[in-house]
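Content type CSV, C-alpha atoms and all ligand atoms, from the file model.csv:
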```csv
chain,number,residue,atom,x,y,z
A,205,MET,CA,69.2,28.2,27.2
A,206,SER,CA,72.5,29.1,28.8
A,207,LYS,CA,72.7,30.7,32.2
A,208,ASP,CA,76.0,32.5,32.2
A,209,GLY,CA,77.0,35.9,30.9
A,210,GLU,CA,75.1,39.0,30.0
A,211,GLY,CA,75.1,38.4,26.2
A,212,SER,CA,73.7,34.9,26.8
A,213,LEU,CA,70.9,36.2,29.0
A,214,LYS,CA,69.8,38.6,26.2
A,215,ASP,CA,70.0,35.7,23.8
A,216,THR,CA,67.8,33.7,26.1
A,217,LEU,CA,65.3,36.5,26.4
A,218,GLU,CA,65.2,36.8,22.6
A,219,SER,CA,64.5,33.1,22.1
A,220,ILE,CA,61.8,33.2,24.9
A,221,ARG,CA,60.2,36.1,22.9
A,222,LEU,CA,60.3,34.2,19.6
A,223,GLU,CA,59.0,30.9,21.0
A,224,GLY,CA,56.5,32.5,23.3
A,225,VAL,CA,54.9,34.6,20.5
A,226,ASP,CA,54.8,31.5,18.3
A,227,ALA,CA,53.2,29.3,20.9
A,228,ILE,CA,50.6,31.9,21.8
A,229,GLN,CA,49.6,32.6,18.2
A,230,HIS,CA,49.3,29.0,17.4
A,231,ALA,CA,47.0,28.1,20.4
A,232,ASP,CA,43.7,27.1,18.9
A,233,ASP,CA,41.6,26.9,22.0
A,234,GLU,CA,41.6,28.3,25.5
A,235,GLU,CA,43.2,25.3,27.0
A,236,SER,CA,46.3,25.4,24.8
A,237,LEU,CA,46.5,29.1,25.3
A,238,GLU,CA,46.5,28.7,29.0
A,239,LYS,CA,49.3,26.2,28.7
A,240,ALA,CA,51.4,28.6,26.7
A,241,ARG,CA,50.7,31.4,29.2
A,242,VAL,CA,51.9,29.2,32.1
A,243,ARG,CA,55.0,28.0,30.3
A,244,PHE,CA,56.2,31.5,29.3
A,245,LEU,CA,54.6,34.0,31.7
A,246,GLY,CA,53.8,31.8,34.7
A,247,ARG,CA,55.3,32.4,38.1
A,248,SER,CA,57.9,29.7,37.5
A,249,GLY,CA,57.7,30.0,33.8
A,250,LEU,CA,60.6,30.6,31.3
A,251,LEU,CA,60.6,34.4,31.6
A,252,ALA,CA,60.6,34.4,35.5
A,253,ARG,CA,63.5,32.0,35.5
A,254,ALA,CA,65.4,34.1,33.1
A,255,LEU,CA,64.8,37.2,35.2
A,256,SER,CA,66.2,35.4,38.2
A,257,GLN,CA,69.5,35.3,36.3
A,258,LEU,CA,69.6,39.1,36.2
A,259,ARG,CA,71.7,39.3,39.3
A,260,ASN,CA,74.5,37.4,37.6
A,261,VAL,CA,74.7,40.2,34.9
A,262,PRO,CA,77.5,42.8,35.6
A,263,PRO,CA,75.8,45.8,37.3
A,264,ASP,CA,76.5,48.2,34.5
A,265,GLU,CA,74.8,46.0,31.9
A,266,ARG,CA,71.8,45.3,34.2
A,267,PRO,CA,69.5,48.2,33.2
A,268,ASP,CA,69.8,47.3,29.5
A,269,THR,CA,69.1,43.7,30.1
A,270,GLY,CA,66.2,44.6,32.4
A,271,ARG,CA,64.7,46.8,29.7
A,272,THR,CA,65.0,43.9,27.2
A,273,ALA,CA,63.3,41.6,29.7
A,274,ASN,CA,60.4,44.1,30.2
A,275,LEU,CA,60.0,44.4,26.5
A,276,VAL,CA,59.8,40.6,26.1
A,277,LYS,CA,57.2,40.5,28.9
A,278,GLN,CA,55.1,43.2,27.3
A,279,THR,CA,55.3,41.6,23.9
A,280,LEU,CA,54.1,38.3,25.3
A,281,GLU,CA,51.3,39.8,27.3
A,282,THR,CA,50.0,41.9,24.4
A,283,THR,CA,50.1,38.8,22.1
A,284,LEU,CA,48.2,36.9,24.7
A,285,GLU,CA,45.5,39.5,25.1
A,286,LEU,CA,45.0,39.7,21.3
A,287,LYS,CA,44.8,35.9,21.2
A,288,VAL,CA,42.2,35.8,24.0
A,289,ASP,CA,40.0,38.3,22.1
A,290,GLU,CA,40.4,36.3,18.9
A,291,LEU,CA,39.3,33.1,20.5
A,292,HIS,CA,36.3,34.8,22.2
A,293,SER,CA,35.0,36.3,19.0
A,294,LEU,CA,35.4,32.9,17.2
A,295,ILE,CA,33.2,31.3,19.9
A,296,GLU,CA,30.7,34.1,19.8
A,297,GLY,CA,30.6,33.9,16.0
A,298,LEU,CA,29.6,30.2,16.2
A,299,GLU,CA,26.9,31.0,18.7
A,300,ASP,CA,25.7,33.9,16.7
A,301,SER,CA,25.2,31.9,13.5
A,302,ARG,CA,23.1,29.4,15.6
A,303,THR,CA,25.2,26.6,14.1
A,304,ASP,CA,24.0,23.4,15.8
A,305,LEU,CA,27.2,21.5,16.0
A,306,THR,CA,25.3,18.4,17.2
A,307,LEU,CA,23.4,18.1,13.9
A,308,PRO,CA,24.6,15.3,11.5
A,309,GLY,CA,26.7,16.5,8.6
A,310,ARG,CA,25.2,16.9,5.2
A,311,THR,CA,26.2,14.1,2.9
A,312,GLU,CA,26.1,14.2,-0.8
A,313,TRP,CA,22.7,13.6,-2.4
A,314,THR,CA,22.3,10.2,-4.0
A,315,GLY,CA,19.2,9.3,-6.1
A,316,GLY,CA,17.7,5.8,-6.1
A,317,VAL,CA,15.2,3.7,-7.9
A,318,HIS,CA,11.6,3.7,-6.6
A,319,PRO,CA,10.6,0.4,-5.0
A,320,VAL,CA,7.8,-0.1,-7.4
A,321,THR,CA,10.2,0.4,-10.3
A,322,THR,CA,12.6,-2.1,-8.8
A,323,VAL,CA,9.8,-4.6,-8.6
A,324,ILE,CA,8.8,-3.9,-12.3
A,325,ASP,CA,12.4,-4.3,-13.5
A,326,GLU,CA,12.8,-7.6,-11.6
A,327,ILE,CA,9.6,-9.0,-13.0
A,328,CYS,CA,10.7,-8.0,-16.5
A,329,ASP,CA,14.2,-9.5,-16.0
A,330,ILE,CA,12.8,-12.8,-14.8
A,331,PHE,CA,10.3,-13.1,-17.6
A,332,GLY,CA,13.1,-11.9,-19.9
A,333,GLU,CA,14.8,-15.2,-19.1
A,334,LEU,CA,11.8,-17.0,-20.6
A,335,GLY,CA,12.0,-14.9,-23.8
A,336,PHE,CA,9.6,-12.1,-23.0
A,337,THR,CA,10.4,-8.5,-24.1
A,338,ARG,CA,9.0,-5.2,-23.0
A,339,ALA,CA,6.2,-3.5,-24.8
A,340,ALA,CA,4.4,-0.2,-24.1
A,341,GLY,CA,1.0,1.2,-24.9
A,342,PRO,CA,-0.6,4.6,-24.4
A,343,GLU,CA,-2.2,5.7,-21.1
A,344,VAL,CA,-4.9,7.4,-23.0
A,345,GLU,CA,-6.8,4.6,-24.8
A,346,THR,CA,-9.8,4.0,-26.9
A,347,ASP,CA,-12.7,2.1,-25.4
A,348,TRP,CA,-12.3,-0.3,-28.2
A,349,HIS,CA,-8.8,-1.4,-27.1
A,350,ASN,CA,-9.6,-1.1,-23.4
A,351,PHE,CA,-12.9,-3.1,-23.5
A,352,THR,CA,-14.3,-4.3,-26.8
A,353,ALA,CA,-11.2,-6.0,-28.2
A,354,LEU,CA,-10.8,-7.8,-24.8
A,355,ASN,CA,-14.3,-9.2,-25.1
A,356,ILE,CA,-15.7,-6.8,-22.5
A,357,PRO,CA,-19.0,-5.3,-24.0
A,358,LEU,CA,-19.4,-1.8,-22.7
A,359,ASP,CA,-22.7,-2.8,-21.0
A,360,HIS,CA,-21.1,-5.9,-19.3
A,361,PRO,CA,-20.8,-5.8,-15.5
A,362,ALA,CA,-17.0,-6.3,-15.8
A,363,ALA,CA,-16.9,-2.8,-17.3
A,364,ASP,CA,-18.4,-1.4,-14.2
A,365,MET,CA,-15.4,-2.4,-12.1
A,366,HIS,CA,-13.4,-0.4,-14.6
A,367,ASP,CA,-15.3,2.8,-14.3
A,368,THR,CA,-12.8,5.4,-15.4
A,369,PHE,CA,-12.0,9.0,-16.5
A,370,TYR,CA,-13.4,9.7,-20.0
A,371,LEU,CA,-11.5,12.4,-21.9
A,372,ALA,CA,-13.7,12.5,-25.0
A,373,ASP,CA,-16.3,10.3,-26.6
A,374,GLY,CA,-14.7,6.8,-26.8
A,375,VAL,CA,-11.4,8.0,-25.4
A,376,LEU,CA,-10.4,7.2,-21.8
A,377,LEU,CA,-7.6,6.8,-19.3
A,378,ARG,CA,-6.9,3.0,-19.6
A,379,THR,CA,-8.1,1.0,-16.6
A,380,HIS,CA,-5.6,-1.8,-17.1
A,381,THR,CA,-2.6,-2.7,-19.2
A,382,SER,CA,-4.6,-5.4,-21.0
A,383,PRO,CA,-5.3,-3.2,-24.1
A,384,VAL,CA,-1.5,-3.4,-24.8
A,385,GLN,CA,-2.3,-7.1,-25.6
A,386,ALA,CA,-4.6,-6.0,-28.4
A,387,ARG,CA,-2.1,-3.4,-29.7
A,388,VAL,CA,0.8,-5.8,-29.7
A,389,MET,CA,-1.2,-8.5,-31.5
A,390,LEU,CA,-2.6,-6.0,-34.0
A,391,GLY,CA,1.0,-4.9,-34.9
A,392,ASN,CA,2.8,-8.3,-34.8
A,393,ASP,CA,2.3,-11.8,-36.0
A,394,PRO,CA,2.7,-14.7,-33.6
A,395,PRO,CA,4.7,-15.9,-31.7
A,396,VAL,CA,4.4,-13.1,-29.1
A,397,ARG,CA,5.9,-13.0,-25.6
A,398,ILE,CA,5.7,-9.5,-24.1
A,399,LEU,CA,5.5,-7.8,-20.7
A,400,ALA,CA,3.8,-4.4,-20.6
A,401,PRO,CA,4.4,-2.3,-17.5
A,402,GLY,CA,2.6,1.0,-17.0
A,403,MET,CA,0.2,3.2,-15.2
A,404,VAL,CA,-3.5,2.5,-15.1
A,405,PHE,CA,-6.4,4.7,-13.8
A,406,ARG,CA,-9.6,3.8,-12.0
A,407,ARG,CA,-12.4,5.6,-10.1
A,408,ASP,CA,-11.0,4.0,-6.9
A,409,PRO,CA,-10.7,5.5,-3.4
A,410,TYR,CA,-7.3,6.7,-2.2
A,411,ASP,CA,-6.9,4.6,1.0
A,412,ALA,CA,-4.4,2.2,2.6
A,413,SER,CA,-4.9,-0.4,-0.1
A,414,HIS,CA,-6.2,1.5,-3.1
A,415,ALA,CA,-5.0,4.3,-5.4
A,416,PRO,CA,-6.8,5.9,-8.3
A,417,ALA,CA,-3.6,5.7,-10.4
A,418,PHE,CA,-1.3,2.7,-10.0
A,419,GLU,CA,1.1,0.4,-12.0
A,420,GLN,CA,0.3,-2.9,-13.6
A,421,VAL,CA,2.5,-5.3,-15.4
A,422,GLU,CA,0.7,-7.2,-18.2
A,423,GLY,CA,2.1,-10.4,-19.6
A,424,LEU,CA,1.1,-12.2,-22.9
A,425,ALA,CA,2.4,-15.3,-24.6
A,426,VAL,CA,0.9,-16.5,-27.9
A,427,ASP,CA,2.3,-19.4,-29.9
A,428,GLU,CA,1.3,-22.7,-31.4
A,429,GLY,CA,0.8,-25.4,-28.8
A,430,ILE,CA,0.9,-23.3,-25.6
A,431,ASP,CA,-1.1,-25.2,-23.0
A,432,PHE,CA,-2.1,-24.7,-19.4
A,433,VAL,CA,0.9,-26.7,-18.3
A,434,GLU,CA,3.3,-24.3,-19.9
A,435,PHE,CA,1.4,-21.4,-18.4
A,436,ARG,CA,1.6,-22.9,-14.9
A,437,ALA,CA,5.3,-23.7,-15.4
A,438,ALA,CA,6.0,-20.1,-16.4
A,439,ILE,CA,4.2,-18.7,-13.4
A,440,ASP,CA,5.9,-21.1,-11.0
A,441,TYR,CA,9.3,-20.2,-12.5
A,442,PHE,CA,8.5,-16.5,-11.9
A,443,VAL,CA,7.2,-17.1,-8.3
A,444,HIS,CA,10.3,-19.1,-7.3
A,445,ARG,CA,12.7,-16.6,-8.8
A,446,PHE,CA,10.9,-13.6,-7.4
A,447,PHE,CA,9.7,-14.7,-3.9
A,448,GLY,CA,12.1,-17.6,-3.3
A,449,ARG,CA,12.2,-21.4,-3.8
A,450,SER,CA,10.1,-22.3,-0.8
A,451,THR,CA,7.1,-20.1,-2.0
A,452,ARG,CA,4.1,-22.2,-3.1
A,453,THR,CA,1.7,-21.2,-5.8
A,454,ARG,CA,-2.1,-21.8,-6.0
A,455,PHE,CA,-4.5,-21.2,-8.9
A,456,ARG,CA,-8.0,-20.2,-7.9
A,457,PRO,CA,-10.8,-20.3,-10.6
A,458,SER,CA,-11.9,-16.8,-11.5
A,459,TYR,CA,-13.5,-14.9,-14.3
A,460,PHE,CA,-12.1,-12.4,-16.8
A,461,PRO,CA,-13.8,-11.9,-20.2
A,462,PHE,CA,-10.5,-12.0,-22.1
A,463,THR,CA,-9.3,-15.3,-20.7
A,464,GLU,CA,-10.9,-18.8,-20.6
A,465,PRO,CA,-10.3,-20.5,-18.2
A,466,SER,CA,-9.3,-17.7,-15.9
A,467,ALA,CA,-7.4,-18.0,-12.6
A,468,GLU,CA,-6.4,-15.8,-9.7
A,469,VAL,CA,-2.8,-16.7,-8.7
A,470,ASP,CA,-2.0,-16.8,-5.0
A,471,VAL,CA,1.3,-17.4,-3.4
A,472,SER,CA,2.0,-18.7,0.1
A,473,CYS,CA,2.3,-15.7,2.5
A,474,MET,CA,5.9,-14.6,2.7
A,475,VAL,CA,5.3,-13.0,6.1
A,476,CYS,CA,4.0,-16.0,8.0
A,477,GLU,CA,5.0,-18.7,5.5
A,478,GLY,CA,1.4,-19.9,5.3
A,479,SER,CA,0.4,-20.2,8.9
A,480,GLY,CA,-1.9,-17.2,8.9
A,481,CYS,CA,-1.2,-13.5,9.8
A,482,ALA,CA,-2.6,-10.0,9.2
A,483,THR,CA,-0.9,-9.7,5.8
A,484,CYS,CA,-2.7,-12.7,4.4
A,485,LYS,CA,-5.9,-12.1,6.4
A,486,ARG,CA,-5.3,-15.4,8.2
A,487,THR,CA,-5.6,-17.5,5.0
A,488,GLY,CA,-1.9,-18.2,4.5
A,489,TRP,CA,-2.2,-17.0,0.9
A,490,VAL,CA,-1.9,-13.7,-0.9
A,491,GLU,CA,-3.1,-12.9,-4.4
A,492,ILE,CA,-0.5,-11.6,-6.8
A,493,MET,CA,-2.2,-11.7,-10.2
A,494,GLY,CA,-5.2,-12.3,-12.5
A,495,SER,CA,-4.5,-14.7,-15.3
A,496,GLY,CA,-5.8,-17.3,-17.8
A,497,MET,CA,-5.6,-18.8,-21.2
A,498,VAL,CA,-6.3,-16.2,-23.9
A,499,ASN,CA,-10.0,-16.3,-24.9
A,500,PRO,CA,-10.3,-17.1,-28.6
A,501,ALA,CA,-12.7,-14.1,-28.9
A,502,VAL,CA,-9.6,-11.9,-28.3
A,503,PHE,CA,-7.7,-13.6,-31.1
A,504,GLU,CA,-10.7,-13.0,-33.4
A,505,ALA,CA,-10.8,-9.3,-32.5
A,506,VAL,CA,-7.2,-8.8,-33.5
A,507,GLY,CA,-7.2,-11.1,-36.5
A,508,TYR,CA,-5.2,-14.0,-35.1
A,509,ASP,CA,-6.1,-17.6,-36.2
A,510,ALA,CA,-7.9,-18.9,-33.1
A,511,GLU,CA,-7.8,-22.4,-34.4
A,512,LYS,CA,-4.0,-22.3,-34.7
A,513,TYR,CA,-2.8,-20.3,-31.8
A,514,THR,CA,-3.2,-20.5,-28.1
A,515,GLY,CA,-1.7,-18.4,-25.3
A,516,TYR,CA,-1.8,-17.2,-21.8
A,517,ALA,CA,-2.0,-13.8,-20.2
A,518,PHE,CA,-1.7,-12.3,-16.8
A,519,GLY,CA,-1.8,-9.0,-15.0
A,520,MET,CA,-0.2,-8.0,-11.7
A,521,GLY,CA,0.0,-4.9,-9.5
A,522,PRO,CA,3.7,-4.3,-8.7
A,523,ALA,CA,2.8,-1.8,-6.0
A,524,ARG,CA,0.9,-4.5,-4.1
A,525,ILE,CA,3.9,-6.8,-4.6
A,526,ALA,CA,6.3,-4.2,-3.4
A,527,MET,CA,4.1,-3.8,-0.3
A,528,LEU,CA,4.3,-7.5,0.4
A,529,ARG,CA,8.0,-7.7,-0.2
A,530,TYR,CA,9.1,-4.6,1.8
A,531,ARG,CA,6.2,-5.0,4.4
A,532,ILE,CA,4.8,-1.6,3.5
A,533,PRO,CA,1.5,-1.2,5.3
A,534,ASP,CA,-0.1,1.6,3.3
A,535,ILE,CA,0.0,2.0,-0.5
A,536,ARG,CA,-0.1,5.8,-0.3
A,537,LEU,CA,3.5,5.7,1.0
A,538,LEU,CA,4.5,4.7,-2.5
A,539,TYR,CA,2.8,7.7,-4.1
A,540,GLU,CA,3.6,10.6,-1.8
A,541,GLY,CA,7.2,11.1,-2.9
A,542,ASP,CA,8.4,11.5,0.7
A,543,ILE,CA,12.1,11.4,0.4
A,544,GLY,CA,12.5,10.3,4.1
A,545,PHE,CA,10.5,7.2,3.3
A,546,LEU,CA,11.9,6.5,-0.2
A,547,GLU,CA,15.6,6.9,0.7
A,548,GLN,CA,15.6,3.7,2.7
A,549,PHE,CA,15.2,1.8,-0.6
A,550,ALA,CA,18.0,3.8,-2.4
A,601,LIG,N1,-6.7,-6.6,-16.6
A,601,LIG,C1,-7.1,-7.2,-15.3
A,601,LIG,C2,-7.4,-6.2,-14.3
A,601,LIG,O1,-6.9,-5.1,-14.4
A,601,LIG,C3,-6.0,-8.1,-14.8
A,601,LIG,C4,-5.8,-9.3,-15.6
A,601,LIG,C5,-6.5,-10.5,-15.4
A,601,LIG,C6,-4.9,-9.3,-16.7
A,601,LIG,C7,-6.3,-11.6,-16.1
A,601,LIG,C8,-4.8,-10.4,-17.5
A,601,LIG,C9,-5.5,-11.6,-17.2
A,601,LIG,O2,-4.0,-10.4,-18.6
A,601,LIG,O3,-5.3,-12.7,-18.0
A,601,LIG,O4,-8.2,-6.4,-13.4
```

Take the structure in the file and give it back as structure tokens.
Amino acid sequence: MSKDGEGSLKDTLESIRLEGVDAIQHADDEESLEKARVRFLGRSGLLARALSQLRNVPPDERPDTGRTANLVKQTLETTLELKVDELHSLIEGLEDSRTDLTLPGRTEWTGGVHPVTTVIDEICDIFGELGFTRAAGPEVETDWHNFTALNIPLDHPAADMHDTFYLADGVLLRTHTSPVQARVMLGNDPPVRILAPGMVFRRDPYDASHAPAFEQVEGLAVDEGIDFVEFRAAIDYFVHRFFGRSTRTRFRPSYFPFTEPSAEVDVSCMVCEGSGCATCKRTGWVEIMGSGMVNPAVFEAVGYDAEKYTGYAFGMGPARIAMLRYRIPDIRLLYEGDIGFLEQFA
């Protein structure tokens, strides 16, 4: 800004007006507004300094220049007042809407796979490497498929553990995925290598370690010449792939009507690596499945030549396995659909 001459002072005042209005209107908080005020309207601000030049203006031009200066001052002050009001109502608006600016922002919703489904898919993928394909059967079953075909007479004590929900005479909610064995064999000639994941239903309590509806994954392999060695090798392969190379496997004699011999498969505890902890109840081992060599009585029930074919079968609970893998202390967490819990697996 030039300091000499009356025309120049009017020019200076005009540019102070333009710049001042612009600076005030573009202030976006009280701090920058105060800076603009001091710069243009302050005691040693641009306007005050321009006014101090008024005495250099020829006397006959002074009243006109003085009026211009006053107009510039009024314009800037009015603009400033309006801006103060605007900023205040903005702040009040935020307070009014009770917007909590400390809350985390909302991110886009992303879905995820349920941990039990993840476990099922992995089991199927690993056995897929051994030639197994997926099969499915109905959740509403006949008692023939659920019990009789599997060599479980309805009055056998083994049927007691499978007390279930009857929908009609002879029709029930399946208590295990083993009836899919019978369905697959009835519909296909050997060789058979299938995995059948699905929901099963029992008259079980709903507590930390039980649910009345839960998933199972059934496995069945039938061919000529399948022996216990192949069976063990398949299970070892799965355990190493799923739980890790250092996990050991143990077969404990057991009883299931549809397998002979039968075994419960334990793996070394993945929490304490076998030294004993709460997860393995201080034994160093956790059970992951029931299994065995297919009982010839099952082959006879489905019309397979029991002299020619042998096989192995197994059944596991992927929810229990998910609990072991992800250290989930209560099975109910897997069935309550709590997004806060589930999203950590997404
Ligand atoms: N169906 C059995 C149950 O629910 C589990 C089972 C055990 C399945 C042994 C099998 C098997 O295929 O061979 O308790």

Self-check item: Expected answer as a PyMOL selection string: residues within 7 Å of ligand LIG 601 (chain A), only C-alpha atoms and all ligand atoms
Solution: chain A and resi 379-382+422-424+460+462-463+466+493-498+516-520

Quiz item: When you draw a straight line from atom CA of A:Val384 to atom CA of A:Gly341, how long is it in Å?
Solution: 5.2 Å

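Among the candidates A:Ser212, A:Gln420, A:Ser293, A:Gln257, the residue lying nearest to A:Asp233 is A:Ser293 (atoms considered: all atoms listed in the file).
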
Exercise. Find the spatial neighbours of stretch 307-318 of chain A, counting all atoms listed in the file, within a cut-off of 9 Å - ignore same-chain residues fewer than 3 positions away - and output them as a list in words.
Key: Thr303, Asp304, Thr321, Thr322, Val323, Leu538, Leu546, Glu547, Phe549 and Ala550 of chain A

Output of the above residues as a compact mmCIF listing (two decimals), in the coordinates of the input, restricted to C-alpha atoms:
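Heads up, here's the output in selection-v6.txt:
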```txt
# COMPACT_ATOMS: atom_id res chain seq x y z
CA THR A 303 25.20 26.60 14.10
CA ASP A 304 24.00 23.40 15.80
CA THR A 321 10.20 0.40 -10.30
CA THR A 322 12.60 -2.10 -8.80
CA VAL A 323 9.80 -4.60 -8.60
CA LEU A 538 4.50 4.70 -2.50
CA LEU A 546 11.90 6.50 -0.20
CA GLU A 547 15.60 6.90 0.70
CA PHE A 549 15.20 1.80 -0.60
CA ALA A 550 18.00 3.80 -2.40
```

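Interatomic distance, atom CA of A:Thr352 to atom CA of A:Glu464: 16.1 Å.
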
Quiz item: Could you pull the residues within 10 Å of A:Ala231, counting all atoms listed in the file, minus those fewer than 3 positions along the same chain, as a PyMOL selection string?
Solution: chain A and resi 226-228+234-240+284+287-288+291

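The space between atom CA of A:Asp232 and atom CA of A:Leu217 spans 24.7 Å.
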
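For A:Ser413, the list of residues within 9 Å, based on only C-alpha atoms and with local chain neighbours fewer than 4 positions off taken out, reads Pro409, Arg524, Pro533, Asp534, Ile535 and Arg536 of chain A.
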
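For the choices A:Glu511, A:Gly335, A:Arg407, A:Asp440, the atom-to-atom distance to A:Ala363 is smallest for A:Arg407 when using all atoms listed in the file.
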
Quiz item: Got a sec: who's within 6 Å of A:Val344, counting all atoms listed in the file, leaving out chain neighbours fewer than 2 positions off, as number ranges by chain?
Solution: A: 342, 376-378

Print the selection's residues with C-alpha atoms to a file, as a PDB file, keeping the file's coordinate frame.
```
ATOM      1  CA  PRO A 342      -0.600   4.600 -24.400  1.00  0.00           C
ATOM      2  CA  LEU A 376     -10.400   7.200 -21.800  1.00  0.00           C
ATOM      3  CA  LEU A 377      -7.600   6.800 -19.300  1.00  0.00           C
ATOM      4  CA  ARG A 378      -6.900   3.000 -19.600  1.00  0.00           C
TER       5      ARG A 378
END
```

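The residue set within 12 Å of A:Tyr441, counting only C-alpha atoms and dropping same-chain residues fewer than 2 places from it, reads A:Ile327, A:Ile330, A:Phe331, A:Gly332, A:Glu333, A:Leu334, A:Glu434, A:Phe435, A:Arg436, A:Ala437, A:Ala438, A:Ile439, A:Val443, A:His444, A:Arg445, A:Phe446, A:Phe447, A:Gly448, A:Arg449, A:Ser450, A:Thr451, A:Arg452, A:Thr453.
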
Store the residues picked out above in a file with C-alpha atoms, as a PDB file, in the coordinates of the input.
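result.pdb was written with the following content:
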```pdb
ATOM      1  CA  ILE A 327       9.600  -9.000 -13.000  1.00  0.00           C
ATOM      2  CA  ILE A 330      12.800 -12.800 -14.800  1.00  0.00           C
ATOM      3  CA  PHE A 331      10.300 -13.100 -17.600  1.00  0.00           C
ATOM      4  CA  GLY A 332      13.100 -11.900 -19.900  1.00  0.00           C
ATOM      5  CA  GLU A 333      14.800 -15.200 -19.100  1.00  0.00           C
ATOM      6  CA  LEU A 334      11.800 -17.000 -20.600  1.00  0.00           C
ATOM      7  CA  GLU A 434       3.300 -24.300 -19.900  1.00  0.00           C
ATOM      8  CA  PHE A 435       1.400 -21.400 -18.400  1.00  0.00           C
ATOM      9  CA  ARG A 436       1.600 -22.900 -14.900  1.00  0.00           C
ATOM     10  CA  ALA A 437       5.300 -23.700 -15.400  1.00  0.00           C
ATOM     11  CA  ALA A 438       6.000 -20.100 -16.400  1.00  0.00           C
ATOM     12  CA  ILE A 439       4.200 -18.700 -13.400  1.00  0.00           C
ATOM     13  CA  VAL A 443       7.200 -17.100  -8.300  1.00  0.00           C
ATOM     14  CA  HIS A 444      10.300 -19.100  -7.300  1.00  0.00           C
ATOM     15  CA  ARG A 445      12.700 -16.600  -8.800  1.00  0.00           C
ATOM     16  CA  PHE A 446      10.900 -13.600  -7.400  1.00  0.00           C
ATOM     17  CA  PHE A 447       9.700 -14.700  -3.900  1.00  0.00           C
ATOM     18  CA  GLY A 448      12.100 -17.600  -3.300  1.00  0.00           C
ATOM     19  CA  ARG A 449      12.200 -21.400  -3.800  1.00  0.00           C
ATOM     20  CA  SER A 450      10.100 -22.300  -0.800  1.00  0.00           C
ATOM     21  CA  THR A 451       7.100 -20.100  -2.000  1.00  0.00           C
ATOM     22  CA  ARG A 452       4.100 -22.200  -3.100  1.00  0.00           C
ATOM     23  CA  THR A 453       1.700 -21.200  -5.800  1.00  0.00           C
TER      24      THR A 453
END
```

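Nearest-residue note for A:Ala412: choosing from A:Leu537, A:Val506, A:Leu213, A:Leu275, the minimum distance belongs to A:Leu537, counting all atoms listed in the file.
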